[in-house]
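Report on the following structure.
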Amino acid sequence: MLTQRILVVDDDPLIRRQLQDLYNERNYEVDAAACAEDALELLQAGEYALGVFDLKIPGTDGISLTKQVREHWPDLAVVIITGYASIRGAVEAIRQGADDYITKPFEREEILLATAKILEKRKLLDEIDYLRSQLSDRYSFANMVSRNPQMHEMFSMLESLSQNDATVMIHGESGTGKELAARAIHFQGRRKASRFVAINCAAFPDSLLEAELFGYERGAFTGAVADRIGKIELSTGGTLFLDEIESISLPMQLKLLRVLEQREIEKLGGNRVVKVNMRVIAASNRNLQEMVASGEMREDFFYRINVVPIEIPPLRDRIEDVPLLVHEMLKNNPLSRERGISRLSNKALQALMGYWWPGNIRELGNVIERSILRTSGQVIKDVDLPGNANMQASPAMAKSRDYELPLKEYLKRVERDYLSAVLRRNRGGVSATAKHALIDAATLHRKMKAHGLKREDFRTPAGGAAS
Ligand SMILES: Nc1ncnc2c1ncn2[C@@H]1O[C@H](COP(=O)(O)OP(=O)(O)OP(=O)(O)O)[C@@H](O)[C@H]1O
Ligand SMILES: [Mg+2]
């Protein structure tokens with residue numbers, strides 16, 4: 001938790017007393033020192049959020065104290081108190097890293113306001129720092145990163161699934177990370193020493209798919225010149241990943257159903273039955289229930305495969321992940337590392353966050369790769385982005401359009417929609433929302449007030465605020 005302790009340094013006992021009383025009244029913790037030496041001692045021992053220094057103190061002055069503080073306690077906020085006559089000294093102190101100054105004699109409200117303002121700013125910075133430090137474990141699972149609450153729930157789900165053998169059905173649009181999720185389950189779990197065998201069911205016509213999955217014995221059909229072990233058998237002890245399961249024909253579904261139920265296979269052209277023991281994870285970008293309804297999928301097969309369904313949200317529904325993903329991509333790309341490209345301009349980032357990403361993370365990866373090639377400096381600018389990412393509006397946005405409104409009212413509604421959505425996603429977190437929107441927290445507060453949005457209303461995922 002953030003300390004709200006304040007250190008007052010002034011040689012004038014009256015002012016020390018006055019400030020201490022004032023701060024105590026407002027429930028801040030206060031320590032006081034009469035000279036720089038004592039101040040440094042206190043700073044070493046305790047954790048302070050703010051130092052209030054008189055410009056003229058014995059031993060040294062407020063400016064050199066500020067300088068020392070900046071070197072050793074870079075996170076401490078500093079306010080300088082100065083007589084009206086020595087404003088220039090205060091300006092110098094600010095140049096040395098003080099956050100603000102107040103002239104004597106001061107008004108109570110003036111100093112309280114300055115204090116509150118600075119501490120609030122510190123708190124925001126602390127929060128950002130904290131989030132950054134949590135990045136490695138809280139924002140990622142296996143090779144997946146995200147700052148979206150729904151994704152975090154999915155990470156926990158993947159983690160617990162890795163500890164058992166349940167059949168998992170991963171659903172998500174193309175490029176959302178279905179295979180990555182499947183690998184996460186396998187490689188975090190106890191089967192990780194055995195194989196992860198992936199097969200793209202859409203890549204083979206039925207007859208070949210059967211041979212791929214079940215294997216065959218020599219002479220099973222023309223061209224079967226040697227025994228071949230199938231993917232199912234290969235995955236024994238490990239995980240079988242059935243990608244694009246929606247493309248499996250009805251007869252093949254029946255064959256797979258038997259494998260899932262009996263955990264044994266019969267090779268083509270063979271008369272041997274082989275026991276298999278693999279974990280099955282399937283992936284699809286179609287709604288399988290609809291396929292059952294339309295007769296494209298056997299109901300019994302659906303229930304066998306859909307034991308634990310997992311939904312990966314599309315990138316447009318977690319657009320706050322874009323900066324994080326881009327950061328990862330730049331970090332992992334050899335060319336951007338070599339050229340020292342570590343970030344995007346705000347404008348470029350905004351363009352990426354305004355796009356609807358039909359190809360999801362895979363598409364984002366392609367865009368970043370192409371942008372790296374087009375970038376001459378160390379920052380990727382909006383002009384470096386290939387065409388698709390510069391497209392602005394998304395079809396999702398088009399739904400709520402009402403062109404009968406006056407422009408001003410229309411824009412107001414869009415802004416309110418936007419803020420509600422982002423606040424909800426961040427569970428009412430103002431600093432996260434401000435960061436996402438690339439506006440400062442004060443502006444966000446003002447806008448929230450104007451739209452009647454309260455952060456408390458967004459604390460729970462099903463927040464009560466109307467959007
Ligand atoms: N959360 C994530 N963090 C980092 N990288 C990700 C994340 N999700 C996906 N990726 C990357 O995006 C790309 C697409 O992921 P993946 O192949 O798992 O998606 P998919 O859903 O299987 O796609 P498709 O439907 O096209 O097969 C991969 O390069 C993967 O590493
Ligand atoms: Mg895939």
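Letters for chains follow the order of the structure tokens (A, B, ...), residue numbers begin at 1 for each chain, and ligand numbers begin at 1 in the order shown.
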*Please give me, as number ranges by chain, the residues lying within 8 Å of ligand 2 when counting only C-alpha atoms and all ligand atoms.*
A: 174-175, 177-180, 243-244, 283
Report the closest atom pair, with its distance in Å rounded to one decimal, for each residue of chain A that has an atom no farther than 8 Å from ligand 1; count only C-alpha atoms and all ligand atoms, sort by chain and then rising residue number, and write it as CSV.
```
residue,atom,partner,partner_atom_place_in_ligand_line,distance
A:Ser140,CA,ligand 1,3 (N),7.7
A:Asn143,CA,ligand 1,4 (C),6.0
A:Met144,CA,ligand 1,3 (N),3.6
A:Val145,CA,ligand 1,3 (N),4.1
A:Ser146,CA,ligand 1,1 (N),5.6
A:Gly172,CA,ligand 1,21 (O),6.2
A:Glu173,CA,ligand 1,25 (O),6.0
A:Ser174,CA,ligand 1,25 (O),3.2
A:Gly175,CA,ligand 1,23 (O),3.3
A:Thr176,CA,ligand 1,21 (O),4.1
A:Gly177,CA,ligand 1,18 (O),3.1
A:Lys178,CA,ligand 1,21 (O),3.7
A:Glu179,CA,ligand 1,18 (O),3.6
A:Leu180,CA,ligand 1,18 (O),3.9
A:Ala181,CA,ligand 1,18 (O),6.6
A:Ala182,CA,ligand 1,18 (O),8.0
A:Asp243,CA,ligand 1,27 (O),7.4
A:Glu244,CA,ligand 1,25 (O),7.6
A:Ala283,CA,ligand 1,22 (O),7.7
A:Ser284,CA,ligand 1,25 (O),7.4
A:Asn285,CA,ligand 1,25 (O),6.6
A:Leu325,CA,ligand 1,4 (C),5.9
A:Glu328,CA,ligand 1,4 (C),7.1
A:Met329,CA,ligand 1,5 (N),7.8
A:Gly359,CA,ligand 1,26 (O),7.6
A:Asn360,CA,ligand 1,12 (O),7.6
A:Ile361,CA,ligand 1,12 (O),4.5
A:Arg362,CA,ligand 1,13 (C),4.1
A:Glu363,CA,ligand 1,12 (O),7.9
A:Leu364,CA,ligand 1,12 (O),8.0
A:Gly365,CA,ligand 1,12 (O),6.7
```
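Near Glu217 (chain A), within 7 Å and counting only C-alpha atoms, sit Ala226, Asp227, Arg228, Lys267, Leu268, Gly269 and Gly270 of chain A; same-chain residues fewer than 6 positions away were not included.
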Using N, CA and C atoms, can you export the residues from the last selection as a compact mmCIF listing (two decimals), in the first residue's frame?
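As written to disk, out_14.txt reads:
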```txt
# COMPACT_ATOMS: atom_id res chain seq x y z
N ALA A 226 4.88 -49.06 -46.37
CA ALA A 226 5.45 -49.41 -45.06
C ALA A 226 4.42 -49.09 -43.99
N ASP A 227 4.61 -49.62 -42.80
CA ASP A 227 3.72 -49.28 -41.70
C ASP A 227 3.86 -47.79 -41.40
N ARG A 228 2.76 -47.23 -41.02
CA ARG A 228 2.85 -45.83 -40.62
C ARG A 228 2.08 -45.60 -39.33
N LYS A 267 -5.74 -49.74 -36.67
CA LYS A 267 -5.03 -49.16 -37.82
C LYS A 267 -5.65 -49.64 -39.12
N LEU A 268 -5.55 -48.82 -40.14
CA LEU A 268 -6.04 -49.20 -41.46
C LEU A 268 -5.27 -50.42 -41.95
N GLY A 269 -6.03 -51.37 -42.43
CA GLY A 269 -5.41 -52.56 -42.99
C GLY A 269 -4.84 -53.49 -41.94
N GLY A 270 -5.09 -53.18 -40.71
CA GLY A 270 -4.52 -54.02 -39.66
C GLY A 270 -5.63 -54.75 -38.93
```
_Which residue is closest to Gly237 (chain A)? Choose from A:Val197, A:Met278, A:Leu407, A:Met151 and count only C-alpha atoms._
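Result for the nearest residue to Gly237 (chain A): A:Met278.
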*Might you pull out every residue within 8 Å of region 157-160 of chain A, with only C-alpha atoms counted and same-chain residues fewer than 3 positions away left off, and present them as a PyMOL selection string?*
chain A and resi 153-154+163-164+181+184-185+188
